[in-house]
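Enquirer: Just so it is clear, I am handing over my_file31.txt, which has compact mmCIF, C-alpha atoms.
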```
# COMPACT_ATOMS: atom_id res chain seq x y z
CA MET Z 166 -42.59 24.07 -70.39
CA ASN Z 167 -45.94 22.59 -69.40
CA CYS Z 168 -47.17 21.75 -65.87
CA ILE Z 169 -46.12 18.10 -65.93
CA GLN Z 170 -42.64 19.05 -67.13
CA LYS Z 171 -42.32 21.63 -64.33
CA SER Z 172 -43.47 19.19 -61.66
CA LEU Z 173 -41.09 16.51 -62.98
CA LEU Z 174 -38.25 19.04 -63.03
CA ILE Z 175 -38.81 19.80 -59.34
CA ASN Z 176 -38.65 16.07 -58.58
CA ALA Z 177 -35.52 15.58 -60.68
CA VAL Z 178 -33.68 18.47 -59.05
CA PHE Z 179 -34.71 17.39 -55.55
CA SER Z 180 -33.70 13.78 -56.25
CA GLY Z 181 -30.36 14.86 -57.70
CA ILE Z 182 -29.51 17.17 -54.81
CA SER Z 183 -30.57 14.50 -52.31
CA GLY Z 184 -28.56 11.82 -54.08
CA LEU Z 185 -25.41 13.92 -54.28
CA THR Z 186 -25.79 14.96 -50.65
CA LEU Z 187 -26.08 11.35 -49.51
CA ILE Z 188 -23.03 10.33 -51.53
CA LEU Z 189 -20.84 13.27 -50.55
CA PHE Z 190 -21.86 13.34 -46.89
CA HIS Z 191 -22.44 9.64 -46.23
CA ASN Z 192 -20.29 9.65 -43.08
CA SER Z 193 -21.99 12.71 -41.59
CA THR Z 194 -25.42 11.35 -42.50
CA ALA Z 195 -24.64 8.02 -40.84
CA LYS Z 196 -23.67 9.89 -37.66
CA ILE Z 197 -26.88 11.93 -37.69
CA PHE Z 198 -28.90 8.73 -38.12
CA GLN Z 199 -26.68 7.01 -35.51
CA LEU Z 200 -25.88 4.16 -37.87
CA LYS Z 201 -22.47 2.49 -38.00
CA ASN Z 202 -22.78 1.33 -41.60
CA ASN Z 203 -22.84 4.23 -44.06
CA SER Z 204 -23.08 2.12 -47.25
CA ILE Z 205 -26.87 2.45 -47.36
CA PHE Z 206 -26.48 6.19 -47.94
CA TRP Z 207 -24.17 5.52 -50.91
CA ILE Z 208 -26.70 3.08 -52.34
CA ILE Z 209 -29.69 5.38 -51.88
CA GLY Z 210 -27.66 8.27 -53.33
CA ILE Z 211 -26.77 6.32 -56.46
CA VAL Z 212 -30.37 5.15 -56.89
CA LEU Z 213 -31.60 8.74 -56.54
CA LEU Z 214 -29.14 9.92 -59.22
CA TYR Z 215 -30.40 7.18 -61.54
CA PHE Z 216 -34.00 8.15 -60.72
CA MET Z 217 -33.11 11.76 -61.54
CA THR Z 218 -31.80 10.79 -64.98
CA THR Z 219 -34.97 8.83 -65.78
CA ILE Z 220 -37.08 11.82 -64.76
CA PHE Z 221 -35.05 14.15 -66.99
CA TYR Z 222 -35.61 11.74 -69.87
CA GLU Z 223 -39.36 11.80 -69.26
CA ILE Z 224 -39.39 15.59 -69.12
CA LYS Z 225 -38.48 15.44 -72.81
CA THR Z 226 -40.43 12.36 -73.94
CA GLN Z 227 -43.51 12.73 -71.68
CA ARG Z 228 -44.68 9.13 -71.97
CA LYS Z 229 -47.76 8.78 -69.79
CA ILE Z 230 -46.97 5.27 -68.53
CA ALA Z 231 -43.41 6.27 -67.58
CA ILE Z 232 -44.64 9.36 -65.73
CA GLN Z 233 -47.18 7.20 -63.90
CA TRP Z 234 -44.30 4.89 -62.93
CA ILE Z 235 -42.34 7.87 -61.53
CA ILE Z 236 -45.39 8.93 -59.52
CA PHE Z 237 -45.86 5.36 -58.27
CA GLN Z 238 -42.23 5.24 -57.15
CA ASP Z 239 -42.69 8.50 -55.25
CA PHE Z 240 -45.67 7.02 -53.42
CA LEU Z 241 -43.69 3.83 -52.70
CA TRP Z 242 -40.98 6.02 -51.16
CA VAL Z 243 -43.58 7.60 -48.88
CA ILE Z 244 -45.01 4.21 -47.88
CA ALA Z 245 -41.53 2.79 -47.18
CA SER Z 246 -40.72 5.88 -45.11
CA LEU Z 247 -43.89 5.38 -43.07
CA VAL Z 248 -43.00 1.73 -42.45
CA ILE Z 249 -39.53 2.75 -41.28
CA LEU Z 250 -40.96 5.47 -39.04
CA ILE Z 251 -43.56 3.15 -37.51
CA THR Z 252 -41.37 0.08 -37.01
CA ASN Z 253 -37.90 1.69 -36.66
CA PRO Z 254 -36.19 -1.56 -37.73
CA PHE Z 255 -32.73 0.05 -37.91
CA GLN Z 256 -32.82 1.91 -34.58
CA ILE Z 257 -32.49 5.27 -36.34
CA SER Z 258 -32.04 8.32 -34.16
CA TYR Z 259 -34.86 10.75 -33.43
CA THR Z 260 -33.23 13.33 -35.72
CA GLY Z 261 -32.92 10.73 -38.48
CA ASN Z 262 -36.60 9.88 -38.13
CA VAL Z 263 -37.53 13.56 -38.35
CA ILE Z 264 -35.47 13.86 -41.54
CA ILE Z 265 -37.17 10.76 -42.99
CA GLY Z 266 -40.58 12.27 -42.16
CA ILE Z 267 -39.78 15.64 -43.73
CA ILE Z 268 -38.41 14.03 -46.89
CA ALA Z 269 -41.48 11.77 -47.07
CA LEU Z 270 -43.78 14.80 -46.90
CA ILE Z 271 -41.82 16.56 -49.65
CA VAL Z 272 -41.95 13.45 -51.85
CA LEU Z 273 -45.67 13.04 -51.13
CA PHE Z 274 -46.38 16.62 -52.23
CA MET Z 275 -44.22 16.17 -55.35
CA GLY Z 276 -46.06 12.95 -56.21
CA LEU Z 277 -49.44 14.59 -55.73
CA ASN Z 278 -48.35 17.59 -57.78
CA GLN Z 279 -47.19 15.31 -60.61
CA PHE Z 280 -50.40 13.27 -60.40
CA LEU Z 281 -52.57 16.39 -60.70
CA ALA Z 282 -50.39 17.85 -63.47
CA LEU Z 283 -50.60 14.60 -65.42
CA LYS Z 284 -54.34 14.39 -64.91
CA THR Z 285 -54.92 17.93 -66.19
CA SER Z 286 -52.27 17.85 -68.90
CA SER Z 287 -53.59 18.23 -72.40
CA ASN Z 288 -50.23 17.89 -74.15
CA LYS Z 289 -48.85 14.77 -75.75
CA VAL Z 290 -48.90 12.87 -72.42
```
Show me the file's structure as structure tokens.
Expert:
Amino acid sequence: MNCIQKSLLINAVFSGISGLTLILFHNSTAKIFQLKNNSIFWIIGIVLLYFMTTIFYEIKTQRKIAIQWIIFQDFLWVIASLVILITNPFQISYTGNVIIGIIALIVLFMGLNQFLALKTSSNKV
């Protein structure tokens, strides 16, 4: 397994665990975030599971443009998280904002790791 495959695998596993957690614990998560509507956690969870499957596909196929798209989506996640943290449009709790910040940092580091792995990869990517 090359560097890009390893960095994508980390992203896929993290996305899958996060997605399942949000789906299985949507009520608890809504309470932590102090939100009455928990459907957003279902939606994000399902999207993360779909994202995970696309990453697993790219671990095998290693198409450069698709990997760049995954990296771009990671950076979009970070930017969206920053917007939510700065504007707090949903009146999320302090604990919820801390969780958003921590997840954004993890996703940022995964995106950077994938970017560097793709840049230095000499395989079929």
Enquirer: May I ask which of the residues Z:Phe190, Z:Phe198, Z:Phe179, Z:Phe216 is the closest one to Phe255 in chain Z, counting only C-alpha atoms?
Expert: Z:Phe198
Enquirer: At what distance in Å, to one decimal, does CA of Leu213 in chain Z lie from CA of Ile188 in chain Z?
Expert: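 Pair CA of Ile188 in chain Z / CA of Leu213 in chain Z returns 10.1 Å.
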Enquirer: Which residue out of Z:Leu270, Z:Val178, Z:Ser172, Z:Ile265 has the minimum interatomic distance to Met217 in chain Z when all atoms listed in the file are used?
Expert: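 Once distances to Met217 in chain Z are computed over all atoms listed in the file, the minimum belongs to Z:Val178.
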Enquirer: Any idea what's packed within 10 Å of Gly210 in chain Z, counting all atoms listed in the file, ignoring anything in its chain fewer than 5 positions away? Could you give it as a PyMOL selection string?
Expert: chain Z and resi 180-189+191+204-205+215-216
Enquirer: What's the 9 Å shell around range 257-260 of chain Z, counting only C-alpha atoms, without same-chain residues fewer than 3 positions away, as a ChimeraX atom specification?
Expert: /Z:197-200,249-250,253-254,263-265
Enquirer: Around all listed atoms of range 178-182 of chain Z, padded 5 Å per side, what centre and edge lengths does the axis-aligned box have in Å to one decimal, as lines of an AutoDock Vina configuration file?
Expert:
```
center_x = -32.1
center_y = 16.1
center_z = -56.9
size_x = 15.2
size_y = 14.7
size_z = 14.2
```
Enquirer: What does the distance from CA of Gln227 in chain Z to CA of Thr285 in chain Z come to in Å, to one decimal?
Expert: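 CA of Thr285 in chain Z lies at a distance of 13.7 Å from CA of Gln227 in chain Z.
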